[in-house]
>>> print(open('data-v3.tsv').read())   # TSV, C-alpha atoms
chain	number	residue	atom	x	y	z
A	1	LYS	CA	-1.56	-4.47	-29.38
A	2	GLY	CA	-3.72	-7.53	-28.57
A	3	HIS	CA	-0.90	-9.86	-27.61
A	4	ILE	CA	1.00	-7.42	-25.37
A	5	MET	CA	-1.75	-7.56	-22.74
A	6	PRO	CA	-1.45	-11.21	-21.63
A	7	THR	CA	2.36	-11.12	-21.67
A	8	LEU	CA	2.37	-7.84	-19.73
A	9	LEU	CA	0.07	-9.20	-17.05
A	10	LEU	CA	1.93	-12.49	-16.92
A	11	SER	CA	5.32	-10.83	-16.56
A	12	SER	CA	4.14	-8.52	-13.79
A	13	LEU	CA	2.11	-11.14	-11.94
A	14	PHE	CA	4.02	-14.39	-12.25
A	15	PRO	CA	6.70	-13.25	-9.74
A	16	LEU	CA	3.97	-12.37	-7.21
A	17	VAL	CA	2.49	-15.86	-7.37
A	18	PHE	CA	5.86	-17.59	-7.48
A	19	ILE	CA	7.17	-15.89	-4.31
A	20	MET	CA	3.88	-16.34	-2.43
A	21	VAL	CA	4.02	-20.06	-3.21
A	22	LEU	CA	7.57	-20.17	-1.78
A	23	GLY	CA	6.28	-18.57	1.42
A	24	TRP	CA	3.41	-21.03	1.59
A	25	LEU	CA	5.83	-23.92	1.04
A	26	SER	CA	8.07	-22.73	3.86
A	27	GLY	CA	5.07	-23.17	6.17
A	28	LYS	CA	4.03	-26.46	4.59
A	29	LEU	CA	7.51	-27.99	4.86
A	30	GLY	CA	7.85	-26.78	8.43
A	31	TYR	CA	10.81	-24.46	7.73
A	32	MET	CA	8.91	-21.59	9.31
A	33	LYS	CA	6.01	-21.04	11.67
A	34	ARG	CA	3.13	-18.73	10.81
A	35	ASP	CA	4.25	-16.40	13.60
A	36	ASP	CA	7.49	-15.80	11.72
A	37	ALA	CA	5.46	-13.69	9.30
A	38	THR	CA	5.43	-10.98	12.00
A	39	VAL	CA	9.23	-10.80	11.98
A	40	LEU	CA	9.25	-10.54	8.19
A	41	ALA	CA	6.55	-7.84	8.35
A	42	THR	CA	8.76	-5.83	10.71
A	43	VAL	CA	11.72	-6.01	8.33
A	44	VAL	CA	9.52	-4.73	5.49
A	45	ILE	CA	7.80	-1.91	7.36
A	46	ARG	CA	10.79	-0.67	9.34
A	47	PHE	CA	13.58	-1.03	6.78
A	48	ALA	CA	13.02	-2.42	3.31
A	49	LEU	CA	9.92	-0.52	2.21
A	50	PRO	CA	11.02	2.90	3.56
A	51	LEU	CA	14.36	2.53	1.77
A	52	HIS	CA	12.67	1.35	-1.43
A	53	LEU	CA	10.46	4.47	-1.42
A	54	PHE	CA	13.41	6.68	-0.51
A	55	ILE	CA	15.41	5.60	-3.56
A	56	GLY	CA	12.36	6.01	-5.81
A	57	ALA	CA	11.85	9.55	-4.57
A	58	LEU	CA	15.52	10.44	-4.82
A	59	HIS	CA	15.77	9.38	-8.45
A	60	THR	CA	12.74	11.36	-9.59
A	61	ASP	CA	13.00	14.63	-11.47
A	62	PRO	CA	11.94	17.35	-8.96
A	63	ALA	CA	9.97	19.31	-11.58
A	64	LYS	CA	7.68	16.31	-11.99
A	65	ILE	CA	6.89	16.06	-8.30
A	66	GLN	CA	5.51	19.59	-8.46
A	67	ASN	CA	2.55	18.86	-10.75
A	68	LEU	CA	-0.19	20.00	-8.37
A	69	SER	CA	-3.34	18.92	-10.16
A	70	PHE	CA	-1.92	15.44	-10.63
A	71	MET	CA	-1.09	15.35	-6.93
A	72	ALA	CA	-4.55	16.65	-6.00
A	73	VAL	CA	-6.28	13.90	-8.00
A	74	LEU	CA	-4.18	11.23	-6.29
A	75	VAL	CA	-4.89	12.74	-2.86
A	76	ILE	CA	-8.64	12.74	-3.58
A	77	GLY	CA	-8.58	9.18	-4.95
A	78	LEU	CA	-6.42	7.69	-2.21
A	79	MET	CA	-7.66	9.60	0.84
A	80	GLY	CA	-11.25	9.80	-0.42
A	81	SER	CA	-11.55	6.03	-0.57
A	82	TYR	CA	-9.75	5.77	2.79
A	83	LEU	CA	-12.18	8.09	4.56
A	84	LEU	CA	-15.17	6.53	2.81
A	85	THR	CA	-14.11	3.08	4.06
A	86	LEU	CA	-13.48	4.47	7.53
A	87	CYS	CA	-17.12	5.61	7.67
A	88	ILE	CA	-18.44	2.31	6.28
A	89	SER	CA	-16.28	0.35	8.71
A	90	ARG	CA	-17.37	2.37	11.75
A	91	TRP	CA	-21.08	2.73	11.01
A	92	PHE	CA	-21.97	-0.20	8.82
A	93	PHE	CA	-19.67	-2.92	10.19
A	94	ARG	CA	-19.51	-1.27	13.66
A	95	HIS	CA	-15.80	-1.98	14.04
A	96	ASP	CA	-13.67	-0.33	16.70
A	97	ILE	CA	-11.37	2.47	15.55
A	98	LYS	CA	-8.26	0.25	15.31
A	99	THR	CA	-9.94	-2.36	13.09
A	100	SER	CA	-11.53	0.40	10.99
A	101	ALA	CA	-8.11	1.94	10.40
A	102	ILE	CA	-6.69	-1.37	9.14
A	103	GLN	CA	-9.78	-2.01	6.98
A	104	SER	CA	-9.47	1.47	5.44
A	105	LEU	CA	-5.80	0.85	4.71
A	106	VAL	CA	-6.67	-2.45	3.00
A	107	CYS	CA	-9.31	-0.68	0.86
A	108	ALA	CA	-7.35	2.42	-0.05
A	109	PHE	CA	-3.65	1.51	-0.20
A	110	PRO	CA	-2.82	0.28	-3.73
A	111	ASP	CA	0.12	-2.04	-4.25
A	112	MET	CA	1.86	0.60	-6.35
A	113	ALA	CA	5.41	-0.51	-5.84
A	114	TYR	CA	5.08	-4.18	-6.82
A	115	PHE	CA	1.91	-4.42	-8.89
A	116	GLY	CA	1.33	-0.92	-10.26
A	117	ALA	CA	4.90	-0.04	-11.21
A	118	PRO	CA	5.64	-2.91	-13.62
A	119	VAL	CA	2.27	-2.44	-15.35
A	120	LEU	CA	2.78	1.32	-15.71
A	121	ALA	CA	6.36	0.86	-16.86
A	122	VAL	CA	5.27	-1.33	-19.75
A	123	LEU	CA	2.23	0.78	-20.67
A	124	ILE	CA	3.56	4.30	-20.27
A	125	GLY	CA	7.32	3.91	-19.99
A	126	PRO	CA	9.63	5.48	-17.39
A	127	GLU	CA	7.19	8.39	-16.96
A	128	GLY	CA	4.82	5.88	-15.40
A	129	PHE	CA	6.88	5.78	-12.24
A	130	LEU	CA	5.75	9.33	-11.45
A	131	GLY	CA	2.30	8.20	-10.35
A	132	VAL	CA	3.80	5.48	-8.20
A	133	LEU	CA	6.13	7.99	-6.61
A	134	VAL	CA	3.51	10.66	-5.91
A	135	GLY	CA	1.06	8.00	-4.78
A	136	ASN	CA	3.60	6.53	-2.38
A	137	LEU	CA	4.40	10.00	-1.13
A	138	ILE	CA	0.70	10.58	-0.32
A	139	THR	CA	0.41	7.24	1.45
A	140	SER	CA	3.64	7.93	3.39
A	141	VAL	CA	2.68	11.46	4.44
A	142	LEU	CA	-1.08	11.18	4.91
A	143	MET	CA	-2.49	7.66	4.87
A	144	ILE	CA	0.05	5.71	6.91
A	145	PRO	CA	0.48	8.34	9.65
A	146	LEU	CA	-3.31	8.63	9.93
A	147	THR	CA	-3.56	4.85	10.22
A	148	ILE	CA	-0.85	4.73	12.90
A	149	VAL	CA	-2.59	7.52	14.82
A	150	LEU	CA	-5.94	5.69	14.67
A	151	ILE	CA	-4.36	2.37	15.72
A	152	ARG	CA	-2.74	4.12	18.68
A	153	MET	CA	-6.02	5.84	19.54
A	154	GLY	CA	-7.67	2.42	19.47
A	155	ASP	CA	-5.03	1.07	21.83
A	156	LYS	CA	-5.43	4.05	24.13
A	157	ASN	CA	-9.24	4.18	24.00
A	158	SER	CA	-9.37	2.20	27.23
A	159	ASP	CA	-7.49	4.85	29.21
A	160	LEU	CA	-8.69	7.87	27.26
A	161	ALA	CA	-10.05	9.42	30.46
A	162	GLN	CA	-6.64	9.87	32.10
A	163	GLN	CA	-5.16	10.96	28.79
A	164	GLY	CA	-6.22	14.57	28.78
A	165	SER	CA	-7.48	16.18	25.60
A	166	LEU	CA	-8.01	14.37	22.31
A	167	GLY	CA	-6.11	17.07	20.42
A	168	LYS	CA	-3.07	16.58	22.60
A	169	MET	CA	-3.24	12.84	22.06
A	170	ILE	CA	-3.53	13.20	18.28
A	171	LEU	CA	-0.52	15.53	18.20
A	172	ASN	CA	1.37	13.13	20.39
A	173	ASN	CA	0.54	10.21	18.12
A	174	LEU	CA	1.27	12.25	15.01
A	175	PHE	CA	4.71	13.00	16.39
A	176	LYS	CA	5.21	9.28	17.03
A	177	ALA	CA	3.94	8.40	13.55
A	178	VAL	CA	6.32	10.87	11.91
A	179	ARG	CA	9.22	9.25	13.77
A	180	ASN	CA	8.28	5.97	12.09
A	181	PRO	CA	10.84	5.16	9.34
A	182	ILE	CA	8.10	4.42	6.80
A	183	VAL	CA	7.03	8.07	7.09
A	184	TRP	CA	10.18	10.13	7.47
A	185	ILE	CA	12.54	8.19	5.18
A	186	PRO	CA	10.46	8.61	1.96
A	187	VAL	CA	9.75	12.25	2.88
A	188	LEU	CA	13.48	12.80	3.28
A	189	GLY	CA	13.96	11.34	-0.21
A	190	VAL	CA	11.46	13.80	-1.70
A	191	ALA	CA	13.02	16.73	0.17
A	192	MET	CA	16.46	15.76	-1.11
A	193	SER	CA	15.17	15.38	-4.66
A	194	LEU	CA	13.57	18.84	-4.52
A	195	ALA	CA	16.74	20.34	-3.05
A	196	GLY	CA	18.82	18.62	-5.74
A	197	ILE	CA	20.95	16.75	-3.20
A	198	LYS	CA	22.66	13.63	-4.55
A	199	ILE	CA	24.00	10.84	-2.37
A	200	PRO	CA	27.24	8.96	-3.13
A	201	GLU	CA	26.82	5.94	-5.42
A	202	LEU	CA	28.27	3.67	-2.73
A	203	LEU	CA	25.53	4.61	-0.28
A	204	SER	CA	22.83	4.72	-2.92
A	205	SER	CA	23.54	1.20	-4.18
A	206	SER	CA	23.58	-0.14	-0.60
A	207	VAL	CA	20.23	1.47	0.20
A	208	GLU	CA	18.84	0.19	-3.08
A	209	MET	CA	19.97	-3.34	-2.30
A	210	MET	CA	17.97	-3.35	0.94
A	211	GLY	CA	15.02	-1.57	-0.67
A	212	LYS	CA	14.75	-4.17	-3.40
A	213	THR	CA	14.08	-6.89	-0.83
A	214	ALA	CA	10.80	-5.25	0.27
A	215	GLY	CA	8.67	-6.84	-2.44
A	216	GLY	CA	10.08	-10.31	-2.09
A	217	ILE	CA	9.88	-10.41	1.70
A	218	SER	CA	6.30	-9.04	1.77
A	219	LEU	CA	5.11	-11.59	-0.74
A	220	PHE	CA	6.92	-14.39	1.04
A	221	ALA	CA	5.36	-13.36	4.38
A	222	LEU	CA	1.92	-13.20	2.78
A	223	GLY	CA	2.38	-16.69	1.35
A	224	LEU	CA	3.41	-17.94	4.78
A	225	LEU	CA	0.30	-16.36	6.33
A	226	PHE	CA	-1.86	-18.32	3.93
A	227	PHE	CA	-0.44	-21.61	5.05
A	228	GLY	CA	-3.20	-23.40	6.96
A	229	GLU	CA	-5.75	-20.74	5.92
A	230	ARG	CA	-8.55	-20.82	3.47
A	231	PRO	CA	-9.11	-17.33	2.08
A	232	THR	CA	-12.77	-16.60	2.83
A	233	LEU	CA	-15.19	-14.72	0.65
A	234	ASN	CA	-17.64	-12.97	2.95
A	235	ILE	CA	-19.26	-9.54	3.19
A	236	HIS	CA	-15.94	-8.12	4.48
A	237	THR	CA	-13.75	-9.38	1.68
A	238	VAL	CA	-16.37	-8.54	-0.96
A	239	THR	CA	-16.72	-4.99	0.38
A	240	ASN	CA	-12.95	-4.53	0.62
A	241	ILE	CA	-12.27	-5.81	-2.89
A	242	GLY	CA	-15.15	-3.80	-4.36
A	243	MET	CA	-13.90	-0.62	-2.67
A	244	LYS	CA	-10.32	-1.17	-3.76
A	245	ASN	CA	-10.64	-2.59	-7.27
A	246	LEU	CA	-13.76	-0.72	-8.47
A	247	ILE	CA	-14.70	2.30	-6.33
A	248	GLN	CA	-11.18	3.70	-5.95
A	249	PRO	CA	-10.44	3.79	-9.71
A	250	ALA	CA	-13.88	5.37	-10.21
A	251	ILE	CA	-13.06	8.14	-7.69
A	252	MET	CA	-9.70	8.62	-9.44
A	253	ALA	CA	-11.38	8.88	-12.86
A	254	ALA	CA	-13.96	11.39	-11.60
A	255	ALA	CA	-11.28	13.54	-9.93
A	256	GLY	CA	-9.07	13.26	-13.02
A	257	LEU	CA	-11.88	14.55	-15.24
A	258	ALA	CA	-12.67	17.35	-12.79
A	259	PHE	CA	-9.03	18.49	-12.83
A	260	GLY	CA	-8.68	18.01	-16.59
A	261	LEU	CA	-5.66	15.72	-16.48
A	262	SER	CA	-3.88	14.83	-19.72
A	263	HIS	CA	-4.47	11.36	-21.16
A	264	THR	CA	-1.20	9.83	-19.87
A	265	LEU	CA	-1.69	11.22	-16.37
A	266	MET	CA	-5.32	10.10	-16.44
A	267	GLN	CA	-4.17	6.57	-17.38
A	268	GLN	CA	-1.73	6.63	-14.48
A	269	VAL	CA	-4.22	7.66	-11.79
A	270	VAL	CA	-6.89	5.20	-12.91
A	271	ILE	CA	-4.44	2.30	-13.18
A	272	ILE	CA	-3.07	3.14	-9.73
A	273	GLY	CA	-6.63	3.21	-8.42
A	274	ALA	CA	-7.36	-0.19	-9.94
A	275	THR	CA	-4.21	-1.74	-8.47
A	276	PRO	CA	-5.12	-4.32	-5.77
A	277	SER	CA	-4.47	-3.73	-2.06
A	278	ALA	CA	-0.88	-3.38	-0.96
A	279	ILE	CA	0.68	-6.32	0.79
A	280	ALA	CA	2.05	-3.72	3.21
A	281	ALA	CA	-1.53	-3.21	4.44
A	282	GLY	CA	-1.51	-6.89	5.38
A	283	MET	CA	1.83	-6.35	7.11
A	284	PHE	CA	0.21	-3.58	9.23
A	285	ALA	CA	-2.63	-5.94	10.16
A	286	VAL	CA	-0.11	-8.61	11.20
A	287	ARG	CA	1.98	-6.15	13.20
A	288	SER	CA	-0.97	-4.72	15.11
A	289	ASP	CA	-2.61	-8.16	15.36
A	290	THR	CA	-5.95	-6.83	14.13
A	291	TYR	CA	-8.24	-7.82	11.25
A	292	VAL	CA	-5.58	-10.27	10.01
A	293	GLU	CA	-7.92	-12.90	8.49
A	294	SER	CA	-10.06	-10.43	6.55
A	295	ALA	CA	-7.08	-8.31	5.50
A	296	SER	CA	-5.08	-11.25	4.16
A	297	SER	CA	-8.10	-12.79	2.41
A	298	SER	CA	-8.98	-9.45	0.81
A	299	ILE	CA	-5.42	-8.96	-0.37
A	300	LEU	CA	-5.06	-12.46	-1.78
A	301	ILE	CA	-8.43	-12.67	-3.55
A	302	GLY	CA	-8.21	-8.98	-4.50
A	303	THR	CA	-4.83	-9.53	-6.14
A	304	ALA	CA	-6.14	-12.53	-8.07
A	305	LEU	CA	-9.19	-10.55	-9.22
A	306	GLY	CA	-7.01	-7.48	-9.66
A	307	ILE	CA	-5.43	-9.16	-12.65
A	308	VAL	CA	-8.86	-9.06	-14.28
A	309	THR	CA	-9.95	-5.61	-13.09
A	310	GLU	CA	-6.57	-4.07	-13.91
A	311	GLY	CA	-6.74	-5.73	-17.34
A	312	LEU	CA	-10.21	-4.30	-17.93
A	313	VAL	CA	-9.14	-0.81	-16.87
A	314	ILE	CA	-6.09	-0.93	-19.13
A	315	TYR	CA	-8.27	-2.13	-22.00
A	316	MET	CA	-10.77	0.70	-21.40
A	317	MET	CA	-8.04	3.33	-21.06
A	318	SER	CA	-6.26	2.32	-24.27
>>> encode(input="data-v3.tsv", output="structure tokens")
Amino acid sequence: KGHIMPTLLLSSLFPLVFIMVLGWLSGKLGYMKRDDATVLATVVIRFALPLHLFIGALHTDPAKIQNLSFMAVLVIGLMGSYLLTLCISRWFFRHDIKTSAIQSLVCAFPDMAYFGAPVLAVLIGPEGFLGVLVGNLITSVLMIPLTIVLIRMGDKNSDLAQQGSLGKMILNNLFKAVRNPIVWIPVLGVAMSLAGIKIPELLSSSVEMMGKTAGGISLFALGLLFFGERPTLNIHTVTNIGMKNLIQPAIMAAAGLAFGLSHTLMQQVVIIGATPSAIAAGMFAVRSDTYVESASSSILIGTALGIVTEGLVIYMMS
């Protein structure tokens, strides 16, 4: 059991580092400008990631999606840490609503697809993908729409007076958020899985091909963002990494105990909680041009430290 740990972490983390270095090199060698990261971020958020999540949802056994206590624990862990950060960001750091939304996303959105999934697959086997799927479903249905709504509210804050009621604006923004591919495409996948609808292999393999690029492009874009940057450790990055790598798994563990999850499910929720911030959170920061420095530093340093914290959590859980 002792030797599987280093190999497991190496096999799931080496690709992350390798692709980020390629992105960094593309900046260094002058193949790409830092601004090109925005274009790459758009490809990920509009196409690749939604399709990646769609295929994951479609290939999951519907009976498994319906485990309510498991879902509840993930909702509490993911949204609890999101709302907690939102409060800290607003009242402690005194950020505006748009920046707070991005900071909360950085602190509460685990990199389930590219960091969590390989670790869970090795530890728990194919069952391990369930947590990633349900977790991604929660982020697609609750966390990302909420973030988009808050970002829009931040943009509109200036002309809130002419806007009419807040409720109307939230509904309006919610409608816009739901039209976003990253929200409706994964939800469609879950609906189709529950309804037992299959799609033709030809279409499925095409969608999968695009979906598979999400991880590579995100990592490449992140590497490019780091060109000409020194990741900074300051109160922001320390808070963000602490929230994501330590507080979130703790909330997950507490909720898991409260709901009496089985050992395997408990392992899944805690490991998902301990997974470092999603690179997609950095892509949101880049796209809305807010909190980019802190978000990218938190993600980079958090991922490096995440190797240690994730290792510790796995060691404690097994």
>>> residues_near_point(input="data-v3.tsv", point="(0.9, 8.4, -17.2)", cutoff="6 Å", atoms="all atoms listed in the file", output="PDB file with C-alpha atoms, in the frame of the given file")
ATOM      1  CA  ILE A 124       3.560   4.300 -20.270  1.00  0.00           C
ATOM      2  CA  GLY A 128       4.820   5.880 -15.400  1.00  0.00           C
ATOM      3  CA  THR A 264      -1.200   9.830 -19.870  1.00  0.00           C
ATOM      4  CA  LEU A 265      -1.690  11.220 -16.370  1.00  0.00           C
ATOM      5  CA  GLN A 267      -4.170   6.570 -17.380  1.00  0.00           C
ATOM      6  CA  GLN A 268      -1.730   6.630 -14.480  1.00  0.00           C
TER       7      GLN A 268
END
>>> atom_distance(input="data-v3.tsv", atom1="CA of Asn245 in chain A", atom2="CA of Leu142 in chain A")
20.7 Å
>>> residues_around(input="data-v3.tsv", residues="range 26-35 of chain A", least_positions_apart="2", cutoff="8 Å", atoms="all atoms listed in the file", output="PyMOL selection string")
chain A and resi 22-24+37-39+224-225+227
>>> closest_atom_pairs(input="data-v3.tsv", of="range 55-144 of chain A", to="range 250-257 of chain A", cutoff="9 Å", atoms="all atoms listed in the file", output="CSV")
residue,atom,partner,partner_atom,distance
A:Ser69,CA,A:Gly256,CA,8.5
A:Phe70,CA,A:Gly256,CA,7.8
A:Ala72,CA,A:Ala255,CA,8.4
A:Val73,CA,A:Ala255,CA,5.4
A:Leu74,CA,A:Met252,CA,6.9
A:Ile76,CA,A:Ala255,CA,6.9
A:Gly77,CA,A:Met252,CA,4.7
A:Leu78,CA,A:Met252,CA,8.0
A:Gly80,CA,A:Ile251,CA,7.7
A:Ser81,CA,A:Ile251,CA,7.6
>>> closest_atom_pairs(input="data-v3.tsv", of="range 31-95 of chain A", to="range 179-195 of chain A", cutoff="10 Å", atoms="all atoms listed in the file", output="CSV")
residue,atom,partner,partner_atom,distance
A:Val44,CA,A:Ile182,CA,9.4
A:Ile45,CA,A:Ile182,CA,6.4
A:Arg46,CA,A:Pro181,CA,5.8
A:Phe47,CA,A:Pro181,CA,7.2
A:Ala48,CA,A:Ile182,CA,9.1
A:Leu49,CA,A:Ile182,CA,7.0
A:Pro50,CA,A:Ile182,CA,4.6
A:Leu51,CA,A:Ile185,CA,6.9
A:His52,CA,A:Pro186,CA,8.3
A:Leu53,CA,A:Pro186,CA,5.3
A:Phe54,CA,A:Pro186,CA,4.3
A:Ile55,CA,A:Gly189,CA,6.8
A:Gly56,CA,A:Gly189,CA,7.9
A:Ala57,CA,A:Val190,CA,5.1
A:Leu58,CA,A:Gly189,CA,4.9
A:His59,CA,A:Ser193,CA,7.1
A:Thr60,CA,A:Ser193,CA,6.8
A:Asp61,CA,A:Ser193,CA,7.2
A:Pro62,CA,A:Leu194,CA,5.0
A:Ala63,CA,A:Leu194,CA,7.9
A:Lys64,CA,A:Leu194,CA,9.8
A:Ile65,CA,A:Leu194,CA,8.2
A:Gln66,CA,A:Leu194,CA,9.0
>>> closest_residue(input="data-v3.tsv", among="A:Val269, A:Leu174, A:Leu150, A:Ala258", to="Val132 in chain A", atoms="only C-alpha atoms")
A:Val269
>>> closest_residue(input="data-v3.tsv", among="A:Thr303, A:Ser294, A:Asn67, A:Gln248", to="Thr232 in chain A", atoms="all atoms listed in the file")
A:Ser294
